[in-house]
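Peer 1: Have a look at this one before I ask anything.
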Amino acid sequence: MEWTLAHTDQRSKDFMRELPFDLHFNVGATPVHLVHGSPRKVNEYLFEDKPARLYERLAKDENANALVFGHTHRPWVHEFGGVLFVNCGSVGKPKDGDPRGAFAILTPAARGVEVTIERVSYDAAAVAREVAAAGLPEEFAAKLVAAA
């Protein structure tokens, strides 16, 4: 946090302060809700193995047909209570044993949206070297190249 505060100019801080908590948009005719952690909290972890009742409660409160989120760095897709839950994964800091970047593609389909999780290789070692050279803690660089 100290490094970020020291190395982020005021214009960038102002820009980030104005970013919305969530985004709503359509993929085809399907309403999609995009958040970082969960619709409740930016830093809530929605792991795939959490009890179904949690996702069913979230689905009851959800106005969109698809909820897309991340934060755990572990991609997965599952439907609960008529809502498609999509963890899109991450590019960097892998936590699922696969060092490639992960992201979700939502495509209009006959019934809602079709989701695919894509993987892309990138030079994580080079990024880790840049992180270390920027003066960030070594653990940040190490997490970029860790397989799990």
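Residues are named by chain letter and number: chains run A, B, ... in the order of the structure tokens, numbers start at 1 in each chain, and ligands are numbered from 1 in the order shown.
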Report as a ChimeraX atom specification all protein, DNA and RNA residues lying within 12 Å of range 130-137 of chain A, evaluated on only C-alpha atoms, omitting residues in the same chain fewer than 3 positions from it.
Peer 2: /A:1-4,6-7,92,123-127,140-145
Peer 1: For those residues, write N, CA and C atoms to a file as an mmCIF file, in the first residue's frame.
Peer 2:
data_model
loop_
_atom_site.group_PDB
_atom_site.id
_atom_site.type_symbol
_atom_site.label_atom_id
_atom_site.label_comp_id
_atom_site.auth_asym_id
_atom_site.auth_seq_id
_atom_site.Cartn_x
_atom_site.Cartn_y
_atom_site.Cartn_z
ATOM 1 N N MET A 1 0.827 -1.178 0.000
ATOM 2 C CA MET A 1 0.000 0.000 0.000
ATOM 3 C C MET A 1 0.881 1.255 0.000
ATOM 4 N N GLU A 2 1.937 1.240 0.829
ATOM 5 C CA GLU A 2 2.824 2.401 0.885
ATOM 6 C C GLU A 2 3.448 2.684 -0.479
ATOM 7 N N TRP A 3 3.901 1.628 -1.172
ATOM 8 C CA TRP A 3 4.526 1.794 -2.477
ATOM 9 C C TRP A 3 3.526 2.404 -3.451
ATOM 10 N N THR A 4 2.315 1.898 -3.449
ATOM 11 C CA THR A 4 1.290 2.396 -4.368
ATOM 12 C C THR A 4 0.989 3.860 -4.105
ATOM 13 N N ALA A 6 2.911 6.068 -2.779
ATOM 14 C CA ALA A 6 4.077 6.886 -3.139
ATOM 15 C C ALA A 6 4.289 6.981 -4.642
ATOM 16 N N HIS A 7 3.846 5.985 -5.403
ATOM 17 C CA HIS A 7 4.131 5.934 -6.836
ATOM 18 C C HIS A 7 2.912 6.183 -7.723
ATOM 19 N N GLY A 92 -2.072 -13.103 -14.179
ATOM 20 C CA GLY A 92 -1.086 -12.829 -13.143
ATOM 21 C C GLY A 92 -1.523 -13.381 -11.808
ATOM 22 N N ASP A 123 4.783 -13.905 -20.794
ATOM 23 C CA ASP A 123 6.100 -14.012 -20.171
ATOM 24 C C ASP A 123 6.026 -13.524 -18.724
ATOM 25 N N ALA A 124 5.522 -14.395 -17.847
ATOM 26 C CA ALA A 124 5.355 -14.039 -16.439
ATOM 27 C C ALA A 124 6.697 -13.732 -15.779
ATOM 28 N N ALA A 125 7.743 -14.417 -16.192
ATOM 29 C CA ALA A 125 9.064 -14.164 -15.608
ATOM 30 C C ALA A 125 9.529 -12.737 -15.918
ATOM 31 N N ALA A 126 9.272 -12.273 -17.140
ATOM 32 C CA ALA A 126 9.649 -10.899 -17.502
ATOM 33 C C ALA A 126 8.841 -9.885 -16.692
ATOM 34 N N VAL A 127 7.574 -10.164 -16.501
ATOM 35 C CA VAL A 127 6.736 -9.266 -15.703
ATOM 36 C C VAL A 127 7.234 -9.262 -14.258
ATOM 37 N N PHE A 140 5.651 -10.104 -4.369
ATOM 38 C CA PHE A 140 4.750 -9.794 -5.469
ATOM 39 C C PHE A 140 5.278 -10.387 -6.771
ATOM 40 N N ALA A 141 6.566 -10.268 -6.982
ATOM 41 C CA ALA A 141 7.182 -10.854 -8.177
ATOM 42 C C ALA A 141 7.089 -12.367 -8.135
ATOM 43 N N ALA A 142 7.356 -12.956 -6.985
ATOM 44 C CA ALA A 142 7.323 -14.415 -6.849
ATOM 45 C C ALA A 142 5.947 -14.984 -7.123
ATOM 46 N N LYS A 143 4.905 -14.277 -6.720
ATOM 47 C CA LYS A 143 3.533 -14.770 -6.933
ATOM 48 C C LYS A 143 3.137 -14.792 -8.401
ATOM 49 N N LEU A 144 3.790 -13.986 -9.203
ATOM 50 C CA LEU A 144 3.479 -13.975 -10.627
ATOM 51 C C LEU A 144 3.937 -15.236 -11.345
ATOM 52 N N VAL A 145 4.969 -15.862 -10.827
ATOM 53 C CA VAL A 145 5.519 -17.051 -11.486
ATOM 54 C C VAL A 145 5.184 -18.337 -10.752
#
Peer 1: Find the residues near Glu56 in chain A: any atom within 9 Å, counting only C-alpha atoms, skip ones fewer than 4 places away on the same chain, and give them as a ChimeraX atom specification.
Peer 2: /A:52,60-61,80-83
Peer 1: Which residue, A:Glu18, A:Asp98, A:Glu118, A:Glu62, has the smallest gap to Leu34 in chain A when you use only C-alpha atoms?
Peer 2: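 That would be A:Glu62, the residue with the smallest distance to Leu34 in chain A.
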Peer 1: Could you pull out the strand (DSSP E or B) residues of chain A from DSSP and send them as a count of residues only?
Peer 2: 42
Peer 1: Between A:Leu54, A:Ala109, A:Val32, A:Val120, which is the closest to Val86 in chain A once you count only C-alpha atoms?
Peer 2: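 Among A:Leu54, A:Ala109, A:Val32, A:Val120, it is A:Val32 that comes nearest to Val86 in chain A.
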Peer 1: Could you please determine the separation between CA of Lys50 in chain A and CA of Pro94 in chain A in Å, to one decimal place?
Peer 2: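 Computing the Euclidean distance for CA of Lys50 in chain A and CA of Pro94 in chain A yields 19.6 Å.
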Peer 1: Nearest to Ala64 in chain A: which of A:Ile105, A:Val42, A:Ala29, A:Val115 is it, counting only C-alpha atoms?
Peer 2: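 Result for the nearest residue to Ala64 in chain A: A:Ala29.
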Peer 1: Out of range 43-126 of chain A, which residues get alpha helix (DSSP H) from DSSP, as JSON, numbers by chain?
Peer 2: {"A": [52, 53, 54, 55, 56, 57, 58, 59, 60, 61, 124, 125, 126]}
Peer 1: Need the shell around Asn26 in chain A: protein/DNA/RNA residues with any atom at most 10 Å away, counting only C-alpha atoms. Skip same-chain ones fewer than 4 positions apart. Format as a compact mmCIF listing (two decimals) with N, CA and C atoms, in the first residue's frame?
Peer 2:
# COMPACT_ATOMS: atom_id res chain seq x y z
N THR A 30 -28.97 -10.51 -22.98
CA THR A 30 -28.79 -10.98 -21.60
C THR A 30 -28.14 -9.92 -20.72
N PRO A 31 -28.82 -9.53 -19.65
CA PRO A 31 -28.22 -8.59 -18.70
C PRO A 31 -27.06 -9.24 -17.94
N VAL A 32 -25.95 -8.50 -17.85
CA VAL A 32 -24.75 -8.97 -17.17
C VAL A 32 -24.38 -7.94 -16.10
N HIS A 33 -23.96 -8.46 -14.95
CA HIS A 33 -23.51 -7.62 -13.83
C HIS A 33 -22.05 -7.97 -13.58
N ALA A 64 -29.47 -9.29 -12.82
CA ALA A 64 -28.93 -9.74 -14.11
C ALA A 64 -29.01 -11.26 -14.21
N ASN A 65 -28.91 -11.75 -15.42
CA ASN A 65 -28.91 -13.20 -15.65
C ASN A 65 -27.52 -13.80 -15.53
N ALA A 66 -26.49 -12.96 -15.58
CA ALA A 66 -25.11 -13.43 -15.44
C ALA A 66 -24.37 -12.47 -14.52
N PRO A 108 -23.43 -14.22 -26.97
CA PRO A 108 -24.88 -14.42 -27.02
C PRO A 108 -25.20 -15.83 -27.52
N VAL A 113 -26.40 -16.60 -22.41
CA VAL A 113 -25.04 -16.46 -22.91
C VAL A 113 -24.30 -17.78 -22.78
Peer 1: Measuring atom to atom with only C-alpha atoms, identify which of A:Arg111, A:His24, A:Arg74, A:Arg129 is nearest to Leu46 in chain A.
Peer 2: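 Looking at the shortest contact to Leu46 in chain A, the residue is A:Arg74.
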